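Here the structure is laid out as structure tokens; the discussion comes afterwards.
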Amino acid sequence: MTGLLLGDGSFPGRVWVASGCGGTGRELSSYVDLTRLGAFVTRTITLQPRPGSTAPRIRELPGGLLHDSSEQSPGLDSFLATELPWLAQQQLPVVVSIAAREPGEYAELARRVGASPGVRGVEVNLSAPAAADDPQLRARMTNTFQLAKVLGTVRAEVPRGVPVLAKLGPGDDVVALARAAGDSGADAVVLVNAAPARAADGRSMALSGPALHPLALRAVARVREEVPALPVVAVGGIGSGTDARAFLDLGAVAVQVGTACLSDPAAAARIADALDAQPDRQSDRQPDIAPRGGR
Amino acid sequence: MTEAAPTPPHPGPLRLDAEVLAVRRTGPYRQLTLAADGLAERFRPGNVISVRVGGETSGLLARRSLWIHRVRPTGTWGGTVEVVVEPTGPGSRWLGGLGEGDVVPVVGPLGRPFALPKEPVTCVLAGHGRGTAPLVPLAERLRERGCVVHLLATADDEAHLFGALDLRRVARSVTVATGDGSVGVRGRIADALPALLDRTEADVVYGCAPRADLHALAAEAEARGAWSQTALEVPAPCGTGLCHGCPVPVVAPHGGTRVVRGCHEGPVFRGDRVRWHELVAAP
């Protein structure tokens, strides 16, 4: 398997575990040889602990899972003390997903996460579905100027060797947001986050799973076409090697497996095996995984 | 089959495609016996298995957790595990429709089991409906330790009573209560438990029942200075601790509330640690 370069960081493989779908990593290790993974993306960490919503958090739909958007977080202190040290000891790159409400919080999160041993990437969760309910937050997530400010702050706080990835939603503004992300220092974009949704009872939810795959394909294709210099890590509804291959054929440098890990805890390793078993195509050639110029 | 890959050499749960060896109808329930070599050796009462439902092309993306009712390390077909299914939703109806030779993707045993007393004390075990299923192996384990076991089996009606006969073998007394009074006394756990606790002066109370019944059980135990161990059924979309989709609010060490995963830090909790009022039951 070829190494993958993003900015100044490198990853040993193309199949990662998506944020929020691998527990703390320890649980996953019962089912997956972690060294098979290109990276492990943590659940989204906020500065302060967040209790999240009460049960039921996840509802089953035809073709997807609807999950509550007020995500639970242990808070940065607890994460750094109790979860990261174990992950850092494993033979796999750890990418920490972060989210914040205030710009100042991004700086502190980025500084402390970026300086922690074992962290090989920072994924900024810029489309936290919770934002859908908060006009101020929503403005920041959908306004290119605000988004650029957040990413500029994070990039400035995180050491150069640690790539910053911007995770965006599947909306129509994805090209403009991706361009702004790349221009403000993000080393790659992660496309796409769960789609903001609403349950019949009015609860704010997010949709993920197989139904998200075509939405993610569209977003990845558009960004690849219009911002070709920007590396894309694809995520959304990947349940098989074929699903993953579709993203790589569009030029994605890596894929993340999310919801599929819930129904099959070994899904990420299974998909990595399936990709390895297939002959390489154009997407595996070097130009797509070369570091970006200009930095 | 997608989950047929060999299980990695970790001491944790097994992941296997389990063949259905036998299906037994018990009133509204289906008792499934699954081939599961190596599971019995890892099992402790209160553990569950998490199964994938609907078959290979299933649109049902959340797994289902099932209480382990019985395990056998060896037999004609090797090791087996037995679970009780109550067909009420799309997943359990699919499970209930399985026949001999069908295959179910299984992960397990999973979850924190019932804590066992170090001393040979008196225990009351209370289960509602198929909630008695995990209490049967628990009762056997307690008896091996010299504990005295009293059982309270409750159900909405006579048809939904489960396991009382099995438990008669190991329990010193069996009390039955039904919601409609069709057999035993009329009522639920909250109605029948206080007298039983007073009579037996139990040191530990174990329960597996719907949330409101467990809440009552924990309160009755606490009022008498007894320990309680409550086996909580919260829908667990992954069952393995990966998704944080089965939140259970518990008392934090410093007195506040901490939200933990029902499938991973549970499904058995000390009754006095659960924030019952903050736990919203599944519809």
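How things are named: the first chain in the structure tokens is A, the next is B, and so on; residues count from 1 in each chain; ligands count from 1 in the order shown.
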Worksheet entry | Every residue of segment 68-167 of chain B that DSSP places in strand (DSSP E or B), as a ChimeraX atom specification | /B:68-72,80-85,103-110,112,122-128,148-155
With a cut-off of 7 Å and counting only C-alpha atoms, select all residues of chain A in contact with chain B and give the selection as a PDB file with C-alpha atoms, in the first residue's frame.
ATOM      1  CA  GLY A  20     -17.936   9.235  15.878  1.00  0.00           C
ATOM      2  CA  CYS A  21     -18.019   5.686  14.530  1.00  0.00           C
ATOM      3  CA  GLY A  22     -15.055   4.036  16.239  1.00  0.00           C
ATOM      4  CA  GLY A  23     -15.847   4.601  19.905  1.00  0.00           C
ATOM      5  CA  GLU A  27     -13.698  -0.975  21.422  1.00  0.00           C
ATOM      6  CA  LEU A  28     -12.810  -1.052  17.723  1.00  0.00           C
ATOM      7  CA  SER A  30     -11.589  -5.997  19.379  1.00  0.00           C
ATOM      8  CA  TYR A  31     -12.733  -6.298  15.763  1.00  0.00           C
ATOM      9  CA  PRO A  51     -23.817  15.547  27.737  1.00  0.00           C
ATOM     10  CA  THR A  54     -31.209  11.554  25.901  1.00  0.00           C
ATOM     11  CA  ALA A  55     -32.188   8.249  24.322  1.00  0.00           C
ATOM     12  CA  PRO A  56     -33.187   7.407  21.690  1.00  0.00           C
ATOM     13  CA  ARG A  57     -30.404   9.108  19.792  1.00  0.00           C
ATOM     14  CA  ILE A  58     -30.467   7.037  16.654  1.00  0.00           C
ATOM     15  CA  GLU A  60     -33.436   3.534  11.744  1.00  0.00           C
ATOM     16  CA  PRO A  62     -34.787   2.857   5.004  1.00  0.00           C
ATOM     17  CA  GLY A  63     -31.288   3.451   3.653  1.00  0.00           C
ATOM     18  CA  GLY A  64     -29.842   5.342   6.530  1.00  0.00           C
ATOM     19  CA  LEU A  65     -29.630   6.189  10.182  1.00  0.00           C
ATOM     20  CA  LEU A 262     -22.119   0.197  13.436  1.00  0.00           C
ATOM     21  CA  SER A 263     -23.708  -2.702  11.608  1.00  0.00           C
TER      22      SER A 263
END
Worksheet item: Where in segment 28-127 of chain A does DSSP assign helix (DSSP H, G or I), given as a VMD selection string?
Response: chain A and resid 28 to 30 34 to 36 76 to 89 103 to 114
Need the shell around Asp102 of chain B: protein/DNA/RNA residues with any atom at most 12 Å away, counting only C-alpha atoms. Skip same-chain ones fewer than 2 positions apart. Format as a CSV table (one decimal) with C-alpha atoms, in the first residue's frame?
chain,number,residue,atom,x,y,z
B,17,ASP,CA,-21.9,-15.9,11.6
B,18,ALA,CA,-24.0,-18.1,13.8
B,19,GLU,CA,-26.2,-20.9,12.4
B,20,VAL,CA,-29.6,-21.3,13.9
B,21,LEU,CA,-29.7,-24.8,15.4
B,22,ALA,CA,-33.1,-24.8,17.0
B,23,VAL,CA,-36.2,-22.6,17.3
B,32,LEU,CA,-33.3,-19.4,19.4
B,33,THR,CA,-30.3,-21.7,19.9
B,34,LEU,CA,-27.3,-20.5,17.9
B,35,ALA,CA,-24.0,-22.2,17.2
B,53,VAL,CA,-30.9,-8.3,11.4
B,54,GLY,CA,-32.6,-8.6,8.0
B,55,GLY,CA,-30.0,-10.6,6.1
B,56,GLU,CA,-27.2,-9.5,3.8
B,94,TRP,CA,-37.1,-11.0,11.3
B,95,LEU,CA,-35.3,-12.9,14.1
B,96,GLY,CA,-38.6,-14.6,15.1
B,97,GLY,CA,-39.0,-15.8,11.6
B,98,LEU,CA,-35.6,-17.5,11.4
B,99,GLY,CA,-35.6,-21.3,11.1
B,100,GLU,CA,-33.0,-24.0,11.5
B,104,VAL,CA,-27.2,-14.6,11.9
B,105,PRO,CA,-24.2,-12.3,12.2
Discussion item. If I take atom CA of Val176 of chain B and atom CA of Pro113 of chain B, how far is one from the other in Å, to one decimal?
Written reply: 25.0 Å
Practice prompt. Between A:Thr24, A:Val150, A:Val189, A:His213, single out the one closest to Thr82 of chain A, counting only C-alpha atoms.
Written response: A:Thr24
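Of the listed residues A:Ser240, A:Gly114, A:Ala194, A:Gly258, the one whose atoms come nearest to Gly169 of chain A is A:Ala194, with distances taken using only C-alpha atoms.
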Fill in: Proximity to Val257 of chain A - best of A:Leu215, A:Val162, A:Leu191, A:Leu109, only C-alpha atoms
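Using only C-alpha atoms, the shortest distance to Val257 of chain A belongs to A:Leu191.
Here atom CA of Arg42 of chain B and atom CA of Pro109 of chain B stand 6.7 Å from one another.
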